[in-house]
Amino acid sequence: MGGDVAVLGVGMHPWGKWGRNFVEYGVAAARTALADAGIGWRDVQFVAGADTIRNGYPGYVAGATFAQALGWSGARVASSYSACASGATALSVARAYILAGLCDVALVVGADTTPKGFLAPTGGDRPDDPDWLRFRLLGATNPTYFGLYARRRMDLYGATESDFAKVKVKNARHGLNNPNARYRGEVSEDDVFASPVVASPLHLLDICATSDGGAALVVSSMEYAARRGVTAPVRVRAVSTVTPQFPNTVIEMPNFATDSAAALAPPALTFRDSIAAAAYEEAGVGPDELDLAEVYDLSTALELDWYENIGLCKTGEAERLLRDGETTIGGRIPVNPSGGLACFGEAVPAQAIAQVCEVTWQLRGQADGRQVDNAVAGITVNQGLFGHGSAVLLTR
């Protein structure tokens, strides 16, 4: 199952709160990726767009929206929405087209413009929609769940607020020299503790912001890359878009109940554990072979969960990994050398693509100011609402 595709080009529009049309960010990222790949827009045979639900109808059909903005060319197109996993889903569609022989080269692009503050439900009354219900019945914003996950980690594994703050300190240091990051400044543990409590035990600086931004990839068959003289490209070895297995006994946003395990035992792997596991199996690469990871740090506590979910350590050992400096650049397995969401904020459909951009730069040795030495393998991982897994494993 699976097969390799080449990453020929990557590009991003810097994250921020620019207040402009999302299409502008996506087009800028796409043009940068095309230039990085050394091909023209008219060479692209397929466009995979990652959708945004906050920007009207053009956001729901992002593939065609970006294709029109770049100039109608007759390329085939698809649009994907999987919440935070949208970018990985778009990449998986492009990869499938390439591996099926339906195209040689594809553009994957996602961008978002977000309102001020934390993400809110889309408009309208939908009493049969769990996402609508959790806001209306419980007032449970995203940070509410982040706080519950953090409290669970404290109760089960002895994590402390200082551990959470250390994640922010690490990621802020990593992002200092990243030109695409929105927040580029040192942060201390005292700074974290001085910021307002949003969802106990998490402070404002423990939680990622919402941002505007765009990211794009040019991917191709290995044969197309070779014809263009690219003999040793970064390769996408696996894309995991798994769903949970029943019964899912860990609360996942936006639900407010788990499946019952009264009649059936839980699966061997939790949903989050299964996301990276599927990528490892497909690629034939294990967590002990990784040189870096880009994980979805919606909160500082969630980053610690991801260490265990992707197999960097055993359950309950994430805090030790952090305290020993193993996840810092220069450590055994740097996590979020880009600075992560702590430095970027969240531009939902672009974020999984941005993670792939970062790993690609790292594997090429082009991550100036934040380079992981001699990196040859890296993984990205995140999770979209309603059971969308997302992991991409890349090697050079």
# chains A, B, ... in the order shown; residues from 1 in each chain; ligands from 1

call {"tool": "select_by_dssp", "arguments": {"residues": "stretch 85-295 of chain A", "states": "alpha helix (DSSP H)", "output": "VMD selection string"}}
result
chain A and resid 86 to 99 130 to 138 142 to 157 161 to 174 189 to 194 222 to 227 271 to 283

call {"tool": "residues_around", "arguments": {"residues": "A:Phe118", "least_positions_apart": "5", "cutoff": "9 Å", "atoms": "only C-alpha atoms", "output": "list of chain:residue names"}}
result
A:Thr141, A:Asn142, A:Pro143, A:Ala209, A:Thr210

call {"tool": "closest_residue", "arguments": {"among": "A:Leu8, A:Ile329, A:Leu156, A:Tyr60", "to": "A:Lys170", "atoms": "only C-alpha atoms"}}
result
A:Ile329

call {"tool": "closest_residue", "arguments": {"among": "A:Trp306, A:Asp368, A:Gly311, A:Pro349", "to": "A:Gly286", "atoms": "only C-alpha atoms"}}
result
A:Gly311

call {"tool": "residues_around", "arguments": {"residues": "A:Ser79", "least_positions_apart": "3", "cutoff": "10 Å", "atoms": "only C-alpha atoms", "output": "PyMOL selection string"}}
result
chain A and resi 47-52+59-65+86+89-90+93+108-110

call {"tool": "residues_around", "arguments": {"residues": "A:Ser82", "least_positions_apart": "6", "cutoff": "8 Å", "atoms": "only C-alpha atoms", "output": "list in words"}}
result
Thr89, Gly384, Leu385 and His388 of chain A

call {"tool": "residues_around", "arguments": {"residues": "A:Thr243", "least_positions_apart": "4", "cutoff": "9 Å", "atoms": "only C-alpha atoms", "output": "PyMOL selection string"}}
result
chain A and resi 271+274-275+386-389

call {"tool": "closest_residue", "arguments": {"among": "A:Tyr280, A:Tyr57, A:Trp18, A:Trp361", "to": "A:Leu217", "atoms": "only C-alpha atoms"}}
result
A:Trp361

call {"tool": "closest_residue", "arguments": {"among": "A:Gly175, A:Pro334, A:Pro266, A:Gly325", "to": "A:Val295", "atoms": "only C-alpha atoms"}}
result
A:Pro334

call {"tool": "select_by_dssp", "arguments": {"residues": "stretch 183-333 of chain A", "states": "strand (DSSP E)", "output": "list in words"}}
result
Val197, Val198, Ala199, Leu202, His203, Asp212, Gly213, Gly214, Ala215, Ala216, Leu217, Val218, Val219, Ser220, Val234, Arg235, Val236, Arg237, Ala238, Val239, Ser240, Leu292, Ala293, Glu294 and Val295 of chain A

call {"tool": "decode", "arguments": {"residues": "stretch 282-325 of chain A", "atoms": "N, CA and C atoms", "output": "mmCIF file, in the first residue's frame"}}
result
data_model
loop_
_atom_site.group_PDB
_atom_site.id
_atom_site.type_symbol
_atom_site.label_atom_id
_atom_site.label_comp_id
_atom_site.auth_asym_id
_atom_site.auth_seq_id
_atom_site.Cartn_x
_atom_site.Cartn_y
_atom_site.Cartn_z
ATOM 1 N N GLU A 282 2.893 2.285 7.000
ATOM 2 C CA GLU A 282 2.898 2.501 5.553
ATOM 3 C C GLU A 282 4.291 2.806 5.024
ATOM 4 N N ALA A 283 5.045 3.618 5.761
ATOM 5 C CA ALA A 283 6.365 4.041 5.299
ATOM 6 C C ALA A 283 7.453 3.026 5.593
ATOM 7 N N GLY A 284 7.216 2.120 6.532
ATOM 8 C CA GLY A 284 8.273 1.206 6.957
ATOM 9 C C GLY A 284 9.355 1.920 7.738
ATOM 10 N N VAL A 285 8.952 2.988 8.438
ATOM 11 C CA VAL A 285 9.864 3.804 9.249
ATOM 12 C C VAL A 285 9.293 3.867 10.661
ATOM 13 N N GLY A 286 10.125 3.714 11.663
ATOM 14 C CA GLY A 286 9.656 3.744 13.037
ATOM 15 C C GLY A 286 9.993 5.037 13.737
ATOM 16 N N PRO A 287 9.382 5.302 14.887
ATOM 17 C CA PRO A 287 9.648 6.541 15.617
ATOM 18 C C PRO A 287 11.101 6.699 16.039
ATOM 19 N N ASP A 288 11.808 5.578 16.218
ATOM 20 C CA ASP A 288 13.217 5.653 16.599
ATOM 21 C C ASP A 288 14.112 6.093 15.448
ATOM 22 N N GLU A 289 13.559 6.179 14.241
ATOM 23 C CA GLU A 289 14.316 6.618 13.075
ATOM 24 C C GLU A 289 14.074 8.089 12.731
ATOM 25 N N LEU A 290 13.215 8.760 13.481
ATOM 26 C CA LEU A 290 12.894 10.163 13.213
ATOM 27 C C LEU A 290 14.009 11.087 13.693
ATOM 28 N N ASP A 291 14.152 12.195 13.002
ATOM 29 C CA ASP A 291 15.079 13.247 13.424
ATOM 30 C C ASP A 291 14.352 14.475 13.954
ATOM 31 N N LEU A 292 13.068 14.625 13.627
ATOM 32 C CA LEU A 292 12.276 15.748 14.115
ATOM 33 C C LEU A 292 10.803 15.444 13.939
ATOM 34 N N ALA A 293 9.973 16.222 14.618
ATOM 35 C CA ALA A 293 8.524 16.091 14.492
ATOM 36 C C ALA A 293 7.890 17.467 14.591
ATOM 37 N N GLU A 294 6.874 17.678 13.772
ATOM 38 C CA GLU A 294 6.026 18.866 13.877
ATOM 39 C C GLU A 294 4.666 18.391 14.359
ATOM 40 N N VAL A 295 4.285 18.774 15.583
ATOM 41 C CA VAL A 295 3.035 18.307 16.173
ATOM 42 C C VAL A 295 2.106 19.491 16.423
ATOM 43 N N TYR A 296 0.826 19.168 16.610
ATOM 44 C CA TYR A 296 -0.214 20.203 16.661
ATOM 45 C C TYR A 296 -0.399 20.698 18.087
ATOM 46 N N ASP A 297 0.388 21.685 18.474
ATOM 47 C CA ASP A 297 0.355 22.201 19.837
ATOM 48 C C ASP A 297 -0.732 23.261 20.004
ATOM 49 N N LEU A 298 -1.981 22.841 19.857
ATOM 50 C CA LEU A 298 -3.087 23.759 20.143
ATOM 51 C C LEU A 298 -2.956 24.318 21.554
ATOM 52 N N SER A 299 -2.416 23.503 22.445
ATOM 53 C CA SER A 299 -2.032 23.973 23.774
ATOM 54 C C SER A 299 -0.704 23.338 24.127
ATOM 55 N N THR A 300 -0.050 23.902 25.109
ATOM 56 C CA THR A 300 1.233 23.354 25.549
ATOM 57 C C THR A 300 1.063 21.933 26.083
ATOM 58 N N ALA A 301 -0.026 21.676 26.792
ATOM 59 C CA ALA A 301 -0.254 20.338 27.344
ATOM 60 C C ALA A 301 -0.480 19.317 26.245
ATOM 61 N N LEU A 302 -1.159 19.723 25.173
ATOM 62 C CA LEU A 302 -1.400 18.795 24.082
ATOM 63 C C LEU A 302 -0.107 18.396 23.387
ATOM 64 N N GLU A 303 0.886 19.294 23.354
ATOM 65 C CA GLU A 303 2.166 18.892 22.768
ATOM 66 C C GLU A 303 2.747 17.711 23.528
ATOM 67 N N LEU A 304 2.647 17.734 24.857
ATOM 68 C CA LEU A 304 3.168 16.623 25.658
ATOM 69 C C LEU A 304 2.432 15.325 25.336
ATOM 70 N N ASP A 305 1.113 15.404 25.150
ATOM 71 C CA ASP A 305 0.364 14.211 24.753
ATOM 72 C C ASP A 305 0.889 13.655 23.438
ATOM 73 N N TRP A 306 1.174 14.547 22.486
ATOM 74 C CA TRP A 306 1.621 14.094 21.165
ATOM 75 C C TRP A 306 2.956 13.355 21.246
ATOM 76 N N TYR A 307 3.845 13.743 22.171
ATOM 77 C CA TYR A 307 5.116 13.021 22.305
ATOM 78 C C TYR A 307 4.856 11.527 22.458
ATOM 79 N N GLU A 308 3.878 11.209 23.295
ATOM 80 C CA GLU A 308 3.555 9.812 23.562
ATOM 81 C C GLU A 308 2.757 9.202 22.418
ATOM 82 N N ASN A 309 1.829 9.977 21.850
ATOM 83 C CA ASN A 309 0.994 9.470 20.763
ATOM 84 C C ASN A 309 1.810 9.055 19.549
ATOM 85 N N ILE A 310 2.928 9.740 19.291
ATOM 86 C CA ILE A 310 3.719 9.405 18.099
ATOM 87 C C ILE A 310 4.916 8.516 18.432
ATOM 88 N N GLY A 311 4.973 8.037 19.668
ATOM 89 C CA GLY A 311 5.959 7.024 20.022
ATOM 90 C C GLY A 311 7.338 7.527 20.367
ATOM 91 N N LEU A 312 7.448 8.806 20.742
ATOM 92 C CA LEU A 312 8.760 9.328 21.134
ATOM 93 C C LEU A 312 9.166 8.849 22.514
ATOM 94 N N CYS A 313 8.182 8.448 23.308
ATOM 95 C CA CYS A 313 8.450 7.940 24.652
ATOM 96 C C CYS A 313 7.242 7.124 25.095
ATOM 97 N N LYS A 314 7.378 6.470 26.237
ATOM 98 C CA LYS A 314 6.272 5.698 26.770
ATOM 99 C C LYS A 314 5.246 6.626 27.420
ATOM 100 N N THR A 315 4.053 6.100 27.629
ATOM 101 C CA THR A 315 2.989 6.867 28.276
ATOM 102 C C THR A 315 3.453 7.357 29.640
ATOM 103 N N GLY A 316 3.253 8.637 29.906
ATOM 104 C CA GLY A 316 3.619 9.228 31.180
ATOM 105 C C GLY A 316 5.036 9.754 31.253
ATOM 106 N N GLU A 317 5.811 9.619 30.147
ATOM 107 C CA GLU A 317 7.214 10.036 30.166
ATOM 108 C C GLU A 317 7.470 11.333 29.406
ATOM 109 N N ALA A 318 6.441 11.963 28.890
ATOM 110 C CA ALA A 318 6.643 13.157 28.066
ATOM 111 C C ALA A 318 7.314 14.286 28.846
ATOM 112 N N GLU A 319 6.924 14.455 30.095
ATOM 113 C CA GLU A 319 7.512 15.531 30.893
ATOM 114 C C GLU A 319 9.020 15.334 31.063
ATOM 115 N N ARG A 320 9.434 14.097 31.273
ATOM 116 C CA ARG A 320 10.869 13.828 31.394
ATOM 117 C C ARG A 320 11.594 14.180 30.107
ATOM 118 N N LEU A 321 10.993 13.808 28.969
ATOM 119 C CA LEU A 321 11.585 14.113 27.670
ATOM 120 C C LEU A 321 11.800 15.616 27.525
ATOM 121 N N LEU A 322 10.798 16.380 27.914
ATOM 122 C CA LEU A 322 10.870 17.841 27.832
ATOM 123 C C LEU A 322 11.918 18.397 28.782
ATOM 124 N N ARG A 323 11.865 17.966 30.039
ATOM 125 C CA ARG A 323 12.776 18.511 31.049
ATOM 126 C C ARG A 323 14.236 18.195 30.732
ATOM 127 N N ASP A 324 14.474 17.049 30.096
ATOM 128 C CA ASP A 324 15.845 16.660 29.752
ATOM 129 C C ASP A 324 16.353 17.336 28.484
ATOM 130 N N GLY A 325 15.522 18.151 27.860
ATOM 131 C CA GLY A 325 15.947 18.881 26.671
ATOM 132 C C GLY A 325 15.973 18.049 25.402
#
